[in-house]
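Take a look at the structure below.
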Amino acid sequence: MWKGRDVINILDFSRNDLEVLFEKADYMRKNQYRLKNELSDIIIGLAFFEPSTRTRMSFETAAKRLGAETVGFVSEEATSIAKGESFSDTIRMLDSYVDLIVVRHKYEGAALLASNIAEKPIINAGDGKSHHPTQAMLDLYTTKTLFNTIDGLTFAFIGDLKYSRTVSSLIFGLTAFNPKEIILISPSSLRLREEIRLVAEERGLRLREEENIEAISDADVIYVTRIQKERFPDLQEYERVRGSYRINKELLDKYAKDDAKVLHALPRIDELSRDIDDTKFQAYFTQARLGIPIRMALLSLVLKGE
Amino acid sequence: MDNGKELLVSKIANGTVIDHINASRSLIVLKILNIRGTEGFRIAIVMNAPSTRMGKKDIVKLENYYPKDEDVQKISLIAQDATINIIKDYKVIKKYKVEIPKKIKGLLRCNNPTCITRKPDEQVTSTFTLINREKIMYQCDYCGSILTENDIIKDLTGEMK
């Protein structure tokens, strides 16, 4: 059941929930330009307390494709937060204006707090290093679209596995399926956090840690992350690890499986070379494109039900 | 509680005896209860007393002091086997074992500086859920960070920044 649900943590969603979502996303993909009346009575609040390009624009586009209107802000500077208003008060106000609120915040747990305050559904568009459930839903949907399955595949995650919420959310999302193995490639200082590992292993995922990039050779999905400067408590530590891994065509030709696909939530800096863009490995632009139908499906399911 | 052989201090008339504290943790127990000795009431601390069940244990006797529920919860996090004896006129009128709580509200601070419960001016009550009873591990309901027993001791004794 989707109607009225908060979307805070992908662990709250069963395999069946996610399959219903993917089916709806398929429908949205086929009909995306013919659904103007679907949510024409709806106003969606976009509360982005932290910068975002893709996620915000894809939510806004998804809403508009379904005929909904959007209100909101994209940084704290433009709001009363800059005048000292608390996050809770901002959410309380928005809750009385709109039908659904999409929240992004740099503090972990902000979306959960919003869902405790608001009566309207809350969709978490990223809270600090914790969760990014809609990105994980998109990544699972992209995988399913590319491989026609999620079960039995091997996933390699590369880069900042400690602070990346897209990585932890996708790993949580994978616990609903039966992937063959999860390979975690990172510098030792950026390994997956204990609390994520515990949940993943408890739910039956097979995890393998590696520091060497050659470990991508077993992977079907190669998931590359940006080393996120904004999440490092210590900038010296950031300088030490930035540029640890740089995935390029030569490396993929040498080590990757023939039919392996590279995903990246974007934006990229130097971890993902542009010379992959025109190769068979590139799937990150497909992934970005599928962000619209998956978020259309999500908004429709939460607001109108199955 | 006392078996004669290990009775090192006299009985108290009124107050609380905290028995079966993990050996050498009595000073931490006093610290988290914010008892410094300047309050004026008599305090007896017995450290490393022999115990059939625990090998060694600590005991704290506090004259005219009665713990509140929150204090008992704090004790349970530091000394999981502790028993609390409430004394009136030299008699134990109430005796119970502390119980480690499944949920802790408001008492502990999250060790993650960017947890929403630590955002200045936000006034969110922290809540934690017990995830490992043997190792004493709690998880923040908001950000998912894990508090170990060591983190909890540091927090309750004010050693965490």
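Identifiers in this document derive from the order of the structure tokens: chains are assigned A, B, ..., residues are numbered from 1 separately in each chain, and ligands are numbered from 1 in order of occurrence.
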Using only C-alpha atoms, which residues sit within 7 Å of Ile10 of chain A once same-chain residues fewer than 3 positions away are excluded, as a PyMOL selection string?
-> chain A and resi 13+133+169+172-173
Each residue of chain B lying at most 10 Å from chain A should get a row with its shortest atom-to-atom pair and the distance in Å to one decimal, counting only C-alpha atoms; could you produce that, ordered by chain and increasing number, as JSON lines?
```
{"residue": "B:Asn112", "atom": "CA", "partner": "A:Glu108", "partner_atom": "CA", "distance": 8.7}
{"residue": "B:Pro113", "atom": "CA", "partner": "A:Tyr107", "partner_atom": "CA", "distance": 8.8}
{"residue": "B:Thr114", "atom": "CA", "partner": "A:Tyr107", "partner_atom": "CA", "distance": 5.1}
{"residue": "B:Cys115", "atom": "CA", "partner": "A:Glu108", "partner_atom": "CA", "distance": 4.7}
{"residue": "B:Ile116", "atom": "CA", "partner": "A:Tyr107", "partner_atom": "CA", "distance": 5.2}
{"residue": "B:Thr117", "atom": "CA", "partner": "A:Gly109", "partner_atom": "CA", "distance": 7.8}
{"residue": "B:Arg118", "atom": "CA", "partner": "A:Tyr107", "partner_atom": "CA", "distance": 8.9}
{"residue": "B:Lys119", "atom": "CA", "partner": "A:Tyr107", "partner_atom": "CA", "distance": 7.6}
{"residue": "B:Pro120", "atom": "CA", "partner": "A:Ser86", "partner_atom": "CA", "distance": 9.0}
{"residue": "B:Asp121", "atom": "CA", "partner": "A:Ser86", "partner_atom": "CA", "distance": 6.7}
{"residue": "B:Glu122", "atom": "CA", "partner": "A:Ser86", "partner_atom": "CA", "distance": 5.9}
{"residue": "B:Gln123", "atom": "CA", "partner": "A:Ser88", "partner_atom": "CA", "distance": 8.9}
{"residue": "B:Val124", "atom": "CA", "partner": "A:Leu113", "partner_atom": "CA", "distance": 8.1}
{"residue": "B:Gln139", "atom": "CA", "partner": "A:Glu195", "partner_atom": "CA", "distance": 8.4}
{"residue": "B:Cys140", "atom": "CA", "partner": "A:Gly109", "partner_atom": "CA", "distance": 9.1}
{"residue": "B:Asp141", "atom": "CA", "partner": "A:Gly109", "partner_atom": "CA", "distance": 7.9}
{"residue": "B:Tyr142", "atom": "CA", "partner": "A:Gly109", "partner_atom": "CA", "distance": 4.3}
{"residue": "B:Cys143", "atom": "CA", "partner": "A:Gly109", "partner_atom": "CA", "distance": 4.6}
{"residue": "B:Gly144", "atom": "CA", "partner": "A:Glu195", "partner_atom": "CA", "distance": 6.9}
{"residue": "B:Ser145", "atom": "CA", "partner": "A:Glu195", "partner_atom": "CA", "distance": 6.6}
{"residue": "B:Ile146", "atom": "CA", "partner": "A:Glu195", "partner_atom": "CA", "distance": 6.6}
```
Selection export as a compact mmCIF listing (two decimals), in the first residue's frame, atoms kept: N, CA and C atoms:
```txt
# COMPACT_ATOMS: atom_id res chain seq x y z
N ASN B 112 26.77 11.73 16.68
CA ASN B 112 26.96 12.27 15.33
C ASN B 112 26.66 13.78 15.34
N PRO B 113 27.66 14.61 15.12
CA PRO B 113 27.45 16.06 15.22
C PRO B 113 26.46 16.62 14.20
N THR B 114 26.21 15.88 13.09
CA THR B 114 25.23 16.38 12.13
C THR B 114 23.91 15.61 12.20
N CYS B 115 23.62 15.04 13.35
CA CYS B 115 22.30 14.43 13.57
C CYS B 115 21.32 15.57 13.84
N ILE B 116 20.11 15.43 13.33
CA ILE B 116 19.11 16.51 13.50
C ILE B 116 18.84 16.80 14.98
N THR B 117 19.04 15.78 15.84
CA THR B 117 18.80 16.00 17.28
C THR B 117 19.85 16.92 17.89
N ARG B 118 20.93 17.17 17.15
CA ARG B 118 21.97 18.06 17.67
C ARG B 118 21.98 19.41 16.97
N LYS B 119 21.00 19.64 16.11
CA LYS B 119 20.95 20.93 15.41
C LYS B 119 20.58 22.01 16.43
N PRO B 120 21.38 23.07 16.50
CA PRO B 120 21.08 24.11 17.48
C PRO B 120 19.68 24.70 17.25
N ASP B 121 18.99 25.00 18.30
CA ASP B 121 17.66 25.64 18.27
C ASP B 121 16.55 24.75 17.71
N GLU B 122 16.81 23.47 17.48
CA GLU B 122 15.77 22.65 16.88
C GLU B 122 14.88 21.99 17.94
N GLN B 123 15.41 21.78 19.14
CA GLN B 123 14.64 21.18 20.25
C GLN B 123 13.96 19.87 19.88
N VAL B 124 14.75 18.94 19.40
CA VAL B 124 14.23 17.59 19.12
C VAL B 124 14.73 16.67 20.22
N GLN B 139 20.98 2.44 18.91
CA GLN B 139 21.01 3.12 17.61
C GLN B 139 20.10 4.34 17.66
N CYS B 140 20.60 5.45 17.14
CA CYS B 140 19.81 6.69 17.09
C CYS B 140 18.64 6.49 16.13
N ASP B 141 17.43 6.78 16.59
CA ASP B 141 16.25 6.60 15.73
C ASP B 141 16.24 7.60 14.58
N TYR B 142 16.93 8.70 14.74
CA TYR B 142 16.92 9.72 13.69
C TYR B 142 17.99 9.49 12.64
N CYS B 143 19.25 9.34 13.06
CA CYS B 143 20.31 9.29 12.04
C CYS B 143 20.92 7.90 11.88
N GLY B 144 20.55 6.95 12.75
CA GLY B 144 21.06 5.59 12.60
C GLY B 144 22.44 5.36 13.20
N SER B 145 23.06 6.39 13.76
CA SER B 145 24.39 6.20 14.36
C SER B 145 24.28 5.25 15.55
N ILE B 146 25.38 4.53 15.79
CA ILE B 146 25.39 3.55 16.87
C ILE B 146 26.18 4.09 18.06
```
Contacts of Ala200 of chain A at 10 Å (only C-alpha atoms; same-chain gap of 2+ positions) as an mmCIF file with N, CA and C atoms, in the first residue's frame:
```cif
data_model
loop_
_atom_site.group_PDB
_atom_site.id
_atom_site.type_symbol
_atom_site.label_atom_id
_atom_site.label_comp_id
_atom_site.auth_asym_id
_atom_site.auth_seq_id
_atom_site.Cartn_x
_atom_site.Cartn_y
_atom_site.Cartn_z
ATOM 1 N N SER A 168 24.572 3.974 0.672
ATOM 2 C CA SER A 168 23.916 3.256 1.771
ATOM 3 C C SER A 168 22.461 2.972 1.439
ATOM 4 N N ILE A 171 22.313 0.058 -1.065
ATOM 5 C CA ILE A 171 22.607 -1.209 -0.390
ATOM 6 C C ILE A 171 21.385 -1.656 0.437
ATOM 7 N N PHE A 172 20.766 -0.716 1.116
ATOM 8 C CA PHE A 172 19.531 -1.046 1.844
ATOM 9 C C PHE A 172 18.460 -1.543 0.871
ATOM 10 N N GLY A 173 18.332 -0.864 -0.256
ATOM 11 C CA GLY A 173 17.326 -1.248 -1.250
ATOM 12 C C GLY A 173 17.580 -2.651 -1.787
ATOM 13 N N LEU A 174 18.857 -2.991 -1.950
ATOM 14 C CA LEU A 174 19.212 -4.317 -2.480
ATOM 15 C C LEU A 174 18.851 -5.438 -1.518
ATOM 16 N N THR A 175 18.674 -5.103 -0.223
ATOM 17 C CA THR A 175 18.312 -6.157 0.737
ATOM 18 C C THR A 175 16.916 -6.715 0.448
ATOM 19 N N ILE A 182 28.024 -8.058 -3.242
ATOM 20 C CA ILE A 182 28.266 -6.617 -3.235
ATOM 21 C C ILE A 182 29.761 -6.419 -2.983
ATOM 22 N N GLU A 194 29.678 1.125 9.845
ATOM 23 C CA GLU A 194 29.298 -0.068 10.610
ATOM 24 C C GLU A 194 27.774 -0.288 10.629
ATOM 25 N N GLU A 195 27.035 0.809 10.857
ATOM 26 C CA GLU A 195 25.579 0.636 11.009
ATOM 27 C C GLU A 195 24.913 0.192 9.707
ATOM 28 N N ILE A 196 25.534 0.514 8.561
ATOM 29 C CA ILE A 196 24.979 0.074 7.277
ATOM 30 C C ILE A 196 25.335 -1.395 7.062
ATOM 31 N N ARG A 197 26.594 -1.719 7.339
ATOM 32 C CA ARG A 197 27.069 -3.096 7.175
ATOM 33 C C ARG A 197 26.246 -4.072 8.021
ATOM 34 N N LEU A 198 25.998 -3.692 9.264
ATOM 35 C CA LEU A 198 25.253 -4.577 10.166
ATOM 36 C C LEU A 198 23.884 -4.930 9.591
ATOM 37 N N GLU A 202 22.849 -8.577 8.184
ATOM 38 C CA GLU A 202 21.740 -9.198 8.910
ATOM 39 C C GLU A 202 20.623 -9.595 7.934
ATOM 40 N N ARG A 203 20.471 -8.805 6.875
ATOM 41 C CA ARG A 203 19.416 -9.100 5.905
ATOM 42 C C ARG A 203 19.914 -9.965 4.748
ATOM 43 N N GLY A 204 21.093 -10.526 4.922
ATOM 44 C CA GLY A 204 21.540 -11.574 4.008
ATOM 45 C C GLY A 204 22.373 -11.144 2.813
ATOM 46 N N LEU A 205 22.832 -9.901 2.737
ATOM 47 C CA LEU A 205 23.687 -9.520 1.605
ATOM 48 C C LEU A 205 25.105 -10.051 1.826
ATOM 49 N N ARG A 206 25.728 -10.469 0.727
ATOM 50 C CA ARG A 206 27.138 -10.887 0.795
ATOM 51 C C ARG A 206 28.009 -9.699 0.440
ATOM 52 N N LEU A 207 28.777 -9.217 1.390
ATOM 53 C CA LEU A 207 29.619 -8.040 1.155
ATOM 54 C C LEU A 207 31.086 -8.459 1.090
#
```
Pairwise distance for atom CA of Asp155 of chain B and atom CA of Asp71 of chain B, rounded to one decimal in Å |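 About the pair atom CA of Asp155 of chain B and atom CA of Asp71 of chain B: they are 14.3 Å apart.
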DSSP says helix (DSSP H, G or I) for which residues of segment 9-136 of chain B? Put them as a PyMOL selection string?
-> chain B and resi 26-32+69-78+116-118
May I have the selected residues written with N, CA and C atoms, as a compact mmCIF listing (two decimals), in the first residue's frame?
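Result file follows (again02.txt):
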```
# COMPACT_ATOMS: atom_id res chain seq x y z
N SER B 26 31.95 1.91 40.38
CA SER B 26 31.17 2.69 41.35
C SER B 26 31.42 4.19 41.22
N LEU B 27 32.66 4.55 40.89
CA LEU B 27 32.95 5.98 40.78
C LEU B 27 32.23 6.59 39.58
N ILE B 28 32.12 5.77 38.52
CA ILE B 28 31.37 6.25 37.34
C ILE B 28 29.89 6.40 37.69
N VAL B 29 29.38 5.43 38.46
CA VAL B 29 27.97 5.52 38.88
C VAL B 29 27.73 6.81 39.65
N LEU B 30 28.63 7.12 40.59
CA LEU B 30 28.47 8.37 41.35
C LEU B 30 28.54 9.58 40.42
N LYS B 31 29.45 9.50 39.47
CA LYS B 31 29.62 10.63 38.57
C LYS B 31 28.36 10.89 37.72
N ILE B 32 27.79 9.81 37.17
CA ILE B 32 26.60 10.02 36.33
C ILE B 32 25.39 10.44 37.15
N ASP B 69 13.56 7.95 38.61
CA ASP B 69 13.50 6.98 37.50
C ASP B 69 14.64 7.19 36.50
N GLU B 70 14.91 8.46 36.20
CA GLU B 70 15.94 8.76 35.22
C GLU B 70 17.31 8.30 35.73
N ASP B 71 17.53 8.44 37.04
CA ASP B 71 18.80 8.00 37.63
C ASP B 71 18.95 6.48 37.50
N VAL B 72 17.84 5.78 37.75
CA VAL B 72 17.87 4.31 37.66
C VAL B 72 18.20 3.90 36.22
N GLN B 73 17.61 4.63 35.26
CA GLN B 73 17.88 4.32 33.86
C GLN B 73 19.37 4.52 33.54
N LYS B 74 19.92 5.60 34.08
CA LYS B 74 21.35 5.86 33.86
C LYS B 74 22.19 4.74 34.47
N ILE B 75 21.84 4.33 35.68
CA ILE B 75 22.61 3.26 36.35
C ILE B 75 22.57 1.99 35.51
N SER B 76 21.38 1.71 34.94
CA SER B 76 21.23 0.47 34.17
C SER B 76 22.16 0.43 32.95
N LEU B 77 22.52 1.61 32.45
CA LEU B 77 23.38 1.65 31.27
C LEU B 77 24.85 1.43 31.63
N ILE B 78 25.20 1.70 32.87
CA ILE B 78 26.60 1.60 33.30
C ILE B 78 26.83 0.28 34.04
N ILE B 116 20.11 15.43 13.33
CA ILE B 116 19.11 16.51 13.50
C ILE B 116 18.84 16.80 14.98
N THR B 117 19.04 15.78 15.84
CA THR B 117 18.80 16.00 17.28
C THR B 117 19.85 16.92 17.89
N ARG B 118 20.93 17.17 17.15
CA ARG B 118 21.97 18.06 17.67
C ARG B 118 21.98 19.41 16.97
```
For Ile84 of chain B, which residue among B:Thr16, B:Ser10, B:Thr38, B:Thr52 is the nearest when counting only C-alpha atoms?
->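 Among the listed residues, the smallest separation from Ile84 of chain B belongs to B:Thr16.
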Residue neighbourhood Lys180 of chain A, 12 Å, only C-alpha atoms, exclusion window fewer than 6 positions, as JSON, numbers by chain = {"A": [149, 150, 151, 152, 153, 154, 155, 156, 174, 204, 205, 206, 207, 208, 218, 219, 220, 221]}
Identify which of the residues B:Gly55, B:Gly158, B:Gly40, B:Pro101 lies closest to Tyr138 of chain B, counting only C-alpha atoms when measuring atom-to-atom distances.
->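 Closest to Tyr138 of chain B, using only C-alpha atoms: B:Pro101.
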